Amino acid sequence: MRLITHNMLSCNIKGVTNGFPLKIEAEKVIEKEVDFNPDFLKHMFAKIEWKALVEAARAMGYGELPEDSPDVAVIESADETFLKKLHHALLEIHLEEGALVCPETGRKFPVNKGIPNMLLHEDEV
Amino acid sequence: MWFLCVFYHRLLDFRKPEVEALAELFGEEDSPLQWRLPEHHHNDTPFHFVQLSSEEIAQNIAKRSILVKGMYELWGEGTCYEELKDSIERFPDSRKLPFLTSDSTFKISVETFGKALTFDEQRERIHSLTYIPFEGKVNLKKPDHNFFLMEMDESEESNGLPPIVQRRIFFGREVGFADRKLLPTFQLKSRTYLGPTAMDAEMAFLMANQAKAASGKLVYDPFVGTGSILVSAARFGAMTMGADIDIRVVRDGRGPDCNVWSNFKQYGLPSPVALLRMDNNVPPWRSGLKEIFDAIICDPPYGVRAGGRKSGGRKILRGTVDPYTVPEDKRTGHIPSTGAYSLVECVHDLLHLAARMLVMKGRLVFFFPVLRDESGSEVKFPEHPCFKLVAVSEQILSSRYSRVLLTMVKVEPYSEKIEEAARLMHLEFRENHLKWLEEGNIHSSVFKPTDSSQIHTEAKTFKDPKPKYRGKYV
Ligand SMILES: C[S@@+](CC[C@H](N)C(=O)[O-])C[C@H]1O[C@@H](n2cnc3c(N)ncnc32)[C@H](O)[C@@H]1O
């Protein structure tokens with residue numbers, strides 16, 4: 001699971017109101033190189049919950065992202081330093097084994113072979 | 001500019017919508033496209049004229065298309081060779097001469113439809129074209145310019161084509177042709193990880209084209225299965241994401257080198273951005289997340305072969321027992337039970353997902369099953385106030401069943417107000433469906449038109465009886 005995915009998911013157990021962001025329990029983190037696609041990153045940047053991404057990256061051992069969300073000018077600038085970091089954080093760090101933990105209930109969603117299991121139990125829907 | 005667009009005689013309903021989607025993708029501003037049939041031709045003929053604003057667009061469409069055999073600049077046409085000659089001579093020199101110069105190479109091919117020509121007959125026809133001032137050298141392997149002489153003779157119904165009432169000859173310069181090599185490379189037979197409902201490669205590519213999959217875009221399949229639809233989107237450069245309720249299918253596959261990931265690796269395609277296990281009936285998207293996918297493409301789980309499941313046991317869903325509480329010590333390995341997921345609910349969830357998660361102008365492309373109705377009654381497709389239905393393509397599966405590929409474009413942003421209108425539309429859809437089921441029909445989808453006041457679609461009807469030469473691949 002990459003952090004772009006983490007940024008999209010929440011705990012949706014019935015009645016839970018603060019299911020985002022899920023805390024990351026990392027057991028095995030791997031890195032894989034991915035082709036750099038600035039257009040895609042610009043499109044995604046607008047959708048990202050920045051704080052959640054910064055925290056998640058840190059939980060995965062990557063601390064290079066700025067604390068505050070940079071403004072759009074930085075995204076559009078010719079200097080791609082920031083985009084490269086965003087690229088690495090969103091797409092190249094993978095949670096291979098571990099869990100996503102609901103901040104409200106502590107319910108653990110296991111991540112196994114890189115795939116988060118977000119299916120709810122029958123008493124949670 | 002008008003181009004002669006020659007199609008393969010396959011999946012007839014899918015041909016024009018594919019060209020229309022690709023025209024939009026490659027920047028054609030004239031929309032909807034204008035089409036014209038050659039004289040005396042039936043809509044199912046391989047020959048169509050289409051208006052496009054540049055040769056470059058025509059070339060791009062042909063290159064990317066699955067069902068276009070070639071796009072041609074027409075130099076002349078007629079019912080006999082004399083008429084053809086007059087027509088070619090009337091075609092302006094300014095359009096011809098740049099392609100006839102002495103420093104260029106060329107090739108003329110003869111193609112016939114409805115009958116075969118001997119080598120000598122072909123040569124004779126090529127030689128009859130001496131009135132065209134070709135100055136260049138012939139090069140059969142890699143010519144600069146490819147010319148085609150296409151002859152379609154009067155015939156009875158043959159080759160699966162409708163009868164041709166009048167001979168027609170076309171002569172034109174090729175501006176683009178399709179890369180059919182894609183299909184043998186991607187055919188399911190070559191795929192490492194397969195499932196019973198894997199989407200065949202040709203159809204998967206057509207779906208990706210309807211979705212305008214391209215580099216820089218994110219394409220989502222909520223019923224990803226073995227990933228075959230996403231493979232085709234990835235081949236066209238899109239980033240992909242998929243989810244499925246079945247963990248064995250989406251995570252385990254048949255081992256470390258035979259799973260959804262390996263289906264991408266096999267063709268050197270980038271892995272999906274994410275694969276998830278989730279239930280599209282209760283998706284875990286964070287609140288506030290919206291307009292993130294450029295397209296959603298899927299083959300939803302309806303019907304007998306792969307009926308859908310959703311979270312919650314059957315009895316809980318019917319409300320007859322209190323939900324079973326999973327004991328604390330059993331939660332980790334617990335396999336949640338699921339209940340049946342009806343077609344109506346599945347479609348509702350899909351439209352809801354798309355309304356919220358697609359970018360404006362984003363496309364939802366999905367299959368919908370229908371019963372082929374001899375009486376020619378109208379089929380109503382699912383509707384949503386955020387969407388406009390732009391293409392309906394039927395693939396006949398048997399004498400009774402078809403599936404229809406629906407392409408919808410998001411034309412309204414999602415809002416709470418829209419949600420209410422969507423709910424009413426859905427209730428009507430469901431009621432019609434249930435009524436229809438009670439009347440003894442099985443999982444199908446013939447519905448009465450809903451109140452059209454809040455609907456964008458010009459209710460597409462679906463009643464032309466299909467001619468008998470139509471089969472599964474036609
Ligand atoms: C027709 S198959 C799609 C096959 C896929 N196109 C392929 O190429 O392999 C439908 C898939 O939907 C999944 N499914 C059924 N109910 C679901 C639900 N509620 N949420 C998500 N996926 C579901 C099934 O496990 C199955 O893999």
# chains A, B, ... in the order shown; residues from 1 in each chain; ligands from 1
$ closest_atom_pairs --of "chain B" --to "ligand 1" --cutoff "6 Å" --atoms "only C-alpha atoms and all ligand atoms" --output "CSV"
residue,atom,partner,partner_atom_place_in_ligand_line,distance
B:Gly195,CA,ligand 1,9 (O),5.7
B:Thr197,CA,ligand 1,4 (C),4.8
B:Ala198,CA,ligand 1,8 (O),3.4
B:Met199,CA,ligand 1,8 (O),4.3
B:Pro222,CA,ligand 1,21 (C),5.8
B:Phe223,CA,ligand 1,12 (O),4.0
B:Val224,CA,ligand 1,5 (C),4.9
B:Gly225,CA,ligand 1,27 (O),3.7
B:Thr226,CA,ligand 1,9 (O),3.6
B:Gly227,CA,ligand 1,8 (O),4.9
B:Ser228,CA,ligand 1,8 (O),4.0
B:Ile229,CA,ligand 1,8 (O),5.6
B:Asp244,CA,ligand 1,22 (N),3.8
B:Ile245,CA,ligand 1,22 (N),4.1
B:Asp246,CA,ligand 1,25 (O),4.5
B:Met278,CA,ligand 1,21 (C),5.9
B:Asp279,CA,ligand 1,20 (N),3.6
B:Asn280,CA,ligand 1,20 (N),4.0
B:Asn281,CA,ligand 1,19 (N),5.4
B:Asp299,CA,ligand 1,1 (C),5.0
B:Pro300,CA,ligand 1,10 (C),5.1
B:Pro301,CA,ligand 1,10 (C),4.0
B:Ala306,CA,ligand 1,1 (C),5.7
B:Gly308,CA,ligand 1,16 (N),3.6
B:Arg309,CA,ligand 1,16 (N),4.2
B:Lys310,CA,ligand 1,19 (N),4.2
$ write_last_selection --atoms "C-alpha atoms" --output "PDB file, in the first residue's frame"
ATOM      1  CA  GLY B 195     -10.378 -15.992 -13.577  1.00  0.00           C
ATOM      2  CA  THR B 197     -14.885 -13.656 -15.595  1.00  0.00           C
ATOM      3  CA  ALA B 198     -11.655 -12.121 -16.889  1.00  0.00           C
ATOM      4  CA  MET B 199     -12.478  -9.548 -19.564  1.00  0.00           C
ATOM      5  CA  PRO B 222     -14.191  -1.220  -8.150  1.00  0.00           C
ATOM      6  CA  PHE B 223     -14.691  -4.863  -9.221  1.00  0.00           C
ATOM      7  CA  VAL B 224     -11.160  -5.519 -10.333  1.00  0.00           C
ATOM      8  CA  GLY B 225     -11.047  -9.334 -10.222  1.00  0.00           C
ATOM      9  CA  THR B 226      -7.926 -10.401 -12.095  1.00  0.00           C
ATOM     10  CA  GLY B 227      -7.326  -6.857 -13.301  1.00  0.00           C
ATOM     11  CA  SER B 228      -7.839  -7.421 -17.000  1.00  0.00           C
ATOM     12  CA  ILE B 229      -9.682  -4.155 -17.585  1.00  0.00           C
ATOM     13  CA  ASP B 244     -12.494  -6.352  -4.947  1.00  0.00           C
ATOM     14  CA  ILE B 245     -14.425  -7.938  -2.123  1.00  0.00           C
ATOM     15  CA  ASP B 246     -12.785 -11.311  -2.675  1.00  0.00           C
ATOM     16  CA  MET B 278     -13.267  -3.647   0.091  1.00  0.00           C
ATOM     17  CA  ASP B 279     -16.977  -3.793  -0.444  1.00  0.00           C
ATOM     18  CA  ASN B 280     -18.269  -1.240  -2.910  1.00  0.00           C
ATOM     19  CA  ASN B 281     -21.517  -1.239  -0.929  1.00  0.00           C
ATOM     20  CA  ASP B 299     -17.758  -5.266 -15.274  1.00  0.00           C
ATOM     21  CA  PRO B 300     -19.975  -5.351 -12.188  1.00  0.00           C
ATOM     22  CA  PRO B 301     -20.864  -8.607 -10.475  1.00  0.00           C
ATOM     23  CA  ALA B 306     -20.345 -13.998 -10.583  1.00  0.00           C
ATOM     24  CA  GLY B 308     -22.159  -9.880  -6.160  1.00  0.00           C
ATOM     25  CA  ARG B 309     -21.751 -10.162  -2.435  1.00  0.00           C
ATOM     26  CA  LYS B 310     -21.858  -7.430   0.146  1.00  0.00           C
TER      27      LYS B 310
END
$ interface_residues --of "chain A" --to "chain B" --cutoff "8 Å" --atoms "only C-alpha atoms" --output "count of residues only"
29
$ residues_around --residues "B:Met360" --least-positions-apart "3" --cutoff "12 Å" --atoms "only C-alpha atoms" --output "list in words"
Lys290, Glu291, Ile292, Phe293, Asp294, Ala295, Ala354, Ala355, Arg356, Met357, Arg363, Leu364, Cys386, Phe387, Lys388, Met408, Val409, Lys410, Val411, Glu412, Pro413 and Tyr414 of chain B
$ residues_around --residues "B:Gly172" --least-positions-apart "3" --cutoff "10 Å" --atoms "only C-alpha atoms" --output "list in words"
Phe3, Leu4, Met71, Tyr72, Glu73, Leu74, Trp75, Gly76, Glu77, Ile88, Ile108, Asn146, Phe147, Phe148, Leu149, Met150 and Val175 of chain B
$ select_by_dssp --residues "stretch 42-99 of chain A" --states "helix (DSSP H, G or I)" --output "JSON, numbers by chain"
{"A": [42, 43, 44, 45, 50, 51, 52, 53, 54, 55, 56, 57, 58, 59, 72, 73, 74, 75, 76, 81, 82, 83, 84, 85, 86, 87, 88, 89, 90, 91, 92]}
$ residues_around --residues "A:Gly106" --least-positions-apart "3" --cutoff "12 Å" --atoms "only C-alpha atoms" --output "PyMOL selection string"
chain A and resi 11+13+16+18-25+99-103+109
$ atom_distance --atom1 "atom CA of A:Ala26" --atom2 "atom CA of A:Ala89"
15.0 Å
$ residues_around --residues "stretch 129-134 of chain B" --least-positions-apart "5" --cutoff "12 Å" --atoms "only C-alpha atoms" --output "MDAnalysis selection string"
chainID B and resid 75:76 81:82 84:93 96:110 122:124 145 147:149 171:172
